[in-house]
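S.K.: Can you keep this structure in mind? I'll have questions shortly.
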Amino acid sequence: MKFVDSKTPAVDLQVSIGSLTLKNPIMTASGTFGYAKEFEPYVNLHRLGAVVVKGISLLPRAGNPPPRIVETSCGMLNAIGLENVGVDRFISEKMDSLNGVNVPVVVNILGDTLEEYREISERLADVEGIAAIEVNISCPNVKKGGVAFGTVPEMAASVTKAVKESCSVPVIVKLSPNVTDISLIARGVEEAGADAVSLINTLIGMAIDHRSRRPKLANVIGGLSGPAIKPVALRMVFQVAQAVSIPVIGIGGIETAEDVLEFMLAGATAVQIGTANFVNPRASEEAVEGISRYVADQRLQSVRELIGGLILAD
Amino acid sequence: MKFVDSKTPAVDLQVSIGSLTLKNPIMTASGTFGYAKEFEPYVNLHRLGAVVVKGISLLPRAGNPPPRIVETSCGMLNAIGLENVGVDRFISEKMDSLNGVNVPVVVNILGDTLEEYREISERLADVEGIAAIEVNISCPNVKKGGVAFGTVPEMAASVTKAVKESCSVPVIVKLSPNVTDISLIARGVEEAGADAVSLINTLIGMAIDHRSRRPKLANVIGGLSGPAIKPVALRMVFQVAQAVSIPVIGIGGIETAEDVLEFMLAGATAVQIGTANFVNPRASEEAVEGISRYVADQRLQSVRELIGGLILAD
Amino acid sequence: MSQIQEKTQIIRIDRLTSDIVRLTLDAPNIASVASPGQFVMIRTGETNDPLLRRPFSISQTSSDGHFQILFKVVGRGTDLLSHCREGECLSVLGPLGSGYRIDTSRPACLVGGGMGIAPLLFLGKRILQNGVDQRPLVVLGARNREELQPLIDDFADLGLKVHAATDDGSLGHHGLLTDVLKSLDLGPECMTYVCGPKPMMAAVYLFCRSKKYGCQVSVETAMACGMGACLGCIVPLKKGGYGHSCSDGPVFDAEDLLWQL
Amino acid sequence: MSQIQEKTQIIRIDRLTSDIVRLTLDAPNIASVASPGQFVMIRTGETNDPLLRRPFSISQTSSDGHFQILFKVVGRGTDLLSHCREGECLSVLGPLGSGYRIDTSRPACLVGGGMGIAPLLFLGKRILQNGVDQRPLVVLGARNREELQPLIDDFADLGLKVHAATDDGSLGHHGLLTDVLKSLDLGPECMTYVCGPKPMMAAVYLFCRSKKYGCQVSVETAMACGMGACLGCIVPLKKGGYGHSCSDGPVFDAEDLLWQL
Ligand SMILES: Cc1cc2nc3c(=O)[nH]c(=O)nc-3n(C[C@H](O)[C@H](O)[C@H](O)COP(=O)(O)OP(=O)(O)OC[C@H]3O[C@@H](n4cnc5c(N)ncnc54)[C@H](O)[C@@H]3O)c2cc1C
Ligand SMILES: Cc1cc2nc3c(=O)[nH]c(=O)nc-3n(C[C@H](O)[C@H](O)[C@H](O)COP(=O)(O)OP(=O)(O)OC[C@H]3O[C@@H](n4cnc5c(N)ncnc54)[C@H](O)[C@@H]3O)c2cc1C
Ligand SMILES: Cc1cc2nc3c(=O)[nH]c(=O)nc-3n(C[C@H](O)[C@H](O)[C@H](O)COP(=O)(O)O)c2cc1C
Ligand SMILES: Cc1cc2nc3c(=O)[nH]c(=O)nc-3n(C[C@H](O)[C@H](O)[C@H](O)COP(=O)(O)O)c2cc1C
Ligand code: FES
Ligand code: FES
């Protein structure tokens, strides 16, 4: 572990997500940063704005059979199938070490039914060290024929309400990009009480091995992430930031501080780095360093000046 | 111009799109192949299954101001703004040379209103040499507040009906991927009489120049194409092929014969090659050669055996 | 049409400065038909990132089937290209676009800034080959001596005298290339052939307009295809609408363009 | 934890055959702590295509801070890597995973097929360093002599005798490596350390099970992160559920895996 880099200029990088204040806008994305501990050899975790842990369900899930991942052009597909230890073991086994790393922990949750979301939130409600809950609504609602919660404004709103009622930490709702009008969903969850929205989750995709004539993923379809999806993510963040007044957290193909800048200019208050952690485990910390330098070089009062700073007219 | 490669094995590559029989499943995508003539120095045009010309509107359009294109990771964004000479000049100026190249010509059309689609189709109805019409429904319906025709099943169906009523050539409806459930739209246009569907059109995306803090496209948003979107296209083709019984034409990130195979296994009867034409102007002809070799090597009775041949169970 | 797609071998790599490279490519079919102001589209790598080809002016052809490009490393594509090795092959499309229209009846002045100097060498050579009464004047500008000197040497080899300007004064005039231009006696009826950064071309055009000189400019726009298919490479025209810089240009009559002066 | 991300310089490139390459990398922090069976994740290029790092076994370390990998060109990533030049730098993560658990109390047999031979050299060296009563037996298989000979030579340098099998009979036994294995006197209590294609490992495991030998296998799965974060690299376990080959493995007790025999 290296010492904190004392050369990093003292600049105001603070941003707020509901009642939660982050020391900088750089978070890590759920499912791409394990339970943070995996990255201790590479990253000074306490320098990050926050870490979001792998999605937690009510009961443990083994996940999908292999193969679960496949590379695509400038991206990857994953069909992990939400493998996780379940909320109880998460609390008993993972929270201790997470509390040790001195960085705000956001817990990503998922469920098959409204009740499951509610119950997970209740169990997490009083756990020490949870800074916020991020609600993954890209999961199929088993009671509604498997339509994803995140694709119908009313369903998205009701999950939001259920989680909000069950806990007192800020609730971030993570939106699915596989919809006709993401602003509509964003407004739905805002009205239902979400403290922030994060976007985008993965685009649904597929890959085929023409030699074996089979899908490359055992699950047939999977989630597309990485630089390939950045243009779509940036567009959706831009649209949603204009549609809601709660903070927007930008996700999708972010690799560098320049990418972070672009998402903030488009309207993001904070960002999450996902797939890039696999390519460069230091990506998140390097983004903090880069943004820090940028704010200092440009003599900004604070990083918040960048939010929505895109210049549109000539 | 080279002679037809006599080494290409004589294999059955024919596929049918409604009443139209193509000598092979390789087409070129609208907006990426000009009016075909541009590619004469590179491609033996008559070896292609068909060419789809740049989208034609009722009146000429100047298109969007520059910059109109920007490269992204394994893809590109375009905001051409549908620059075209209009249907009348298309007929008088372009059809002659298109008739000369001895390859089926599919005319891609677009409009702001239902009436425009109808009128373009009527003017094209009796023009010699048009093998099929492809209807781009990703355009905003100006009478419905700018919602894209392709995002609402009823609107998509009514455009389809209008075009079908106005002409007798096969009508291909080109679907937008920027929707929650593309199968729903596909079924809508099938019921309205479409002879085939083609997909996907571009994903909506955006790029920002962090130095100037401005969008990289004058139009702010644009359409994402290229290898980056292939996984999304493949998934949608797979879904739509299961939802409809008319032929599906696969489009999105196709570069090689291997990619063509993948789309056909997913359920496509034919494919269109788009952005790859810019990278390798011979991409379409090389795909024909590759598929031809594959069908011969695998001793298939015909290329049609591949359609939907994906093996799903173990 | 004489455009082709050619696998060309890299015959020579000259690193003129730390970030300016000259490649000599063996491409007989392109070299034999190219004319000054035309360009090629080069694939800078074999993967899909970067995806698109990059446009480069043909800066010289030779009778043994070679041509040269001269480029500066400004991004990922040019960086990849600068790491190529002699003997490797590059996929090249060309020659593309319509180049300079040489008017042998008028005295010529070649005006180039930065990498815009690249096509002018080819042009100078061609003008001399065509046989002229008056040797063309050459006015070149760049950031500093390091960048400019090797490019000037090429023109000197042709026996052309170069009037230079550099941003830092390390070679020739300390300041703008247009200052040099204004100080020269170009003669009446002069035709200027210009290539360089947009503001420089605008200034040269303004000067030419005031003097009633002809002015042909080579414009740079983003390009996806280079052959008139994508409609991405537009330049606004004075008469309204757009021209396509890859097929109508890259060389335009400055008169025909809509300048934001 | 001792994993690190290191910019490593390529010290040497040996092209053993037309498609098998050995890279020697200067990476003191990785070389000093690596153990046999561990691997590294290497970025094969600087662009985003291919995007992900590629996993390679550490095939040898040296006391002067170098380590080697041995790989075959099978796709774009390995192709890019094979075009690297000496002196260039590669970004490497490692050492990753848990390697072979050397049981010094039991006679050892190293069984490697194809590129699976890579980690066994490191293992053989370490076993000898640890001091053993009995020199390990080595059984290696590959397609032909061309591929196998250079790899055998490495073991010969350690003073280990190699029992060989090739698919075409051009070196050693003509046929399967398991035939050779069965013909050898491995002694009771033998521990086999195996790496190679899945069907070969399955055959070796079946044989070991029948003889009550120990069997450790190094499995290959697709990997995105190599460090337990993506959960992509799973292998089905006998007890149910999955193990993660990058963190629980890549070396597993063959007993613990669910084999599709
Ligand atoms: C007809 C034509 C002829 C050209 N001839 C030459 C030449 O002879 N020598 C030479 O060095 N360059 C020439 N250029 C410019 C050259 O094409 C770009 O420098 C190159 O495409 C940059 O690629 P890159 O991947 O390195 O940069 P990118 O990573 O794509 O971009 C890096 C930076 O360069 C800018 N840029 C990218 N493309 C262009 C472009 N087409 N024009 C201007 N700026 C751009 C970007 O905005 C960005 O700031 C020419 C361009 C055109 C259109
Ligand atoms: C722990 C571990 C250690 C390894 N050690 C070595 C080694 O020492 N030497 C060596 O040559 N190779 C080794 N491999 C395999 C090596 O990682 C792959 O060959 C490499 O990733 C292929 O990359 P590519 O881009 O060239 O191929 P791609 O273009 O990605 O794929 C080309 C072909 O190879 C197959 N392939 C891709 N990745 C893998 C993989 N991880 N395993 C098996 N097949 C794959 C694909 O299905 C495809 O058919 C190891 C793999 C693992 C998991
Ligand atoms: C391997 C993997 C696993 C993921 N798991 C989850 C998850 O459990 N919950 C969730 O909300 N998102 C999950 N995601 C989505 C990411 O958090 C992120 O939204 C997406 O990858 C886009 O960002 P990126 O392009 O930076 O990766 C996962 C992504 C990957 C690649
Ligand atoms: C520059 C450009 C212009 C396009 N113009 C049209 C058009 O006029 N009409 C249309 O239906 N699709 C148009 N498209 C979409 C393509 O036809 C195709 O659907 C899309 O690019 C995806 O395929 P690809 O990834 O192979 O490019 C255009 C695409 C590009 C890149
Ligand atoms: S670059 Fe494509 S039309 Fe000019
Ligand atoms: S490779 Fe990511 S968890 Fe093993």
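Identifiers in the structure tokens: chain A, B, ... in order shown; residue index from 1 per chain; ligand index from 1 in order shown.
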If we count only C-alpha atoms, which residues of chain C reach to within 12 Å of chain D? Please list them as a list in words.

M.R.: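 Listing them in order of chain and number gives Thr44, Gly45, Glu46, Thr47, Asn48, Asp49, Pro50, Leu51, Gly75, Arg76, Gly77, Asp79, Leu80, His83, Cys84, Arg85 and Glu88 of chain C.
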
S.K.: Find the residues in chain A near chain D: any atom within 7 Å counts, using only C-alpha atoms. Write them as an MDAnalysis selection string.

M.R.: chainID A and resid 31:34 38 41:42 62 66 68:69 73:75 80 278:279

S.K.: Hey, which residues sit close to ligand 1? Say within 7 Å, counting only C-alpha atoms and all ligand atoms, and write them as a PyMOL selection string.

M.R.: chain C and resi 39+50+54-59+69-79+115-116+118-119+219-223+246+250

S.K.: Using only C-alpha atoms, find which residues of chain B lie within 9 Å of chain A and jot them down as number ranges by chain.

M.R.: B: 72-75, 77, 151, 177-181, 203-210, 212-215, 218, 220-221, 224, 227-236, 238, 258-259, 261-263, 265-266, 309-313

S.K.: If DSSP is run on the backbone, what residues of segment 30-223 of chain D are strand (DSSP E or B)? A reply as JSON, numbers by chain would be ideal.

M.R.: {"D": [39, 40, 41, 42, 54, 55, 56, 57, 60, 61, 66, 67, 68, 69, 70, 71, 72, 89, 90, 91, 92, 93, 94, 95, 96, 98, 108, 109, 110, 111, 112, 113, 137, 138, 139, 140, 141, 142, 162, 163, 164, 165, 166, 173, 174, 191, 192, 193, 194, 195, 214, 215, 216, 217, 218]}

S.K.: State, in Å with one decimal place, the distance from atom CA of Ala192 of chain B to atom CA of Leu20 of chain B.

M.R.: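 Here the two named atoms are 18.8 Å from each other.
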
S.K.: When you look at Glu147 of chain C with a cut-off of 9 Å (counting only C-alpha atoms), what residues show up, excluding the ones that are within fewer than 6 positions of it in the same chain? I need them as a short mmCIF file (atom, residue, chain, number, x, y, z; two decimals) with all heavy atoms, in the first residue's frame.

M.R.:
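The resulting file, part39.cif, is reproduced below:
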```
data_model
loop_
_atom_site.label_atom_id
_atom_site.label_comp_id
_atom_site.auth_asym_id
_atom_site.auth_seq_id
_atom_site.Cartn_x
_atom_site.Cartn_y
_atom_site.Cartn_z
N LEU C 16 11.38 12.79 -39.03
CA LEU C 16 11.94 14.11 -39.26
C LEU C 16 12.11 14.87 -37.95
O LEU C 16 13.07 15.61 -37.78
CB LEU C 16 11.06 14.90 -40.23
CG LEU C 16 10.79 14.22 -41.58
CD1 LEU C 16 10.05 15.16 -42.51
CD2 LEU C 16 12.10 13.78 -42.23
N THR C 17 11.16 14.71 -37.06
CA THR C 17 11.30 15.28 -35.71
C THR C 17 10.75 14.22 -34.77
O THR C 17 10.41 13.12 -35.20
CB THR C 17 10.47 16.57 -35.54
OG1 THR C 17 9.08 16.22 -35.49
CG2 THR C 17 10.69 17.54 -36.68
N ILE C 20 7.08 14.13 -36.20
CA ILE C 20 6.76 14.20 -37.63
C ILE C 20 7.46 13.07 -38.37
O ILE C 20 8.67 12.87 -38.21
CB ILE C 20 7.14 15.57 -38.24
CG1 ILE C 20 6.35 16.67 -37.53
CG2 ILE C 20 6.86 15.59 -39.74
CD1 ILE C 20 6.63 18.06 -38.07
N GLY C 114 2.21 24.21 -41.37
CA GLY C 114 2.26 22.94 -40.64
C GLY C 114 2.24 21.76 -41.58
O GLY C 114 2.91 21.74 -42.61
#
```

S.K.: So which residues are near ligand 4, meaning at most 6 Å away with only C-alpha atoms and all ligand atoms counted, given back as a PyMOL selection string?

M.R.: (chain B and resi 29-32+54-55+78+82+136+200-202+225-226+251-254+273-275) or (chain C and resi 230)
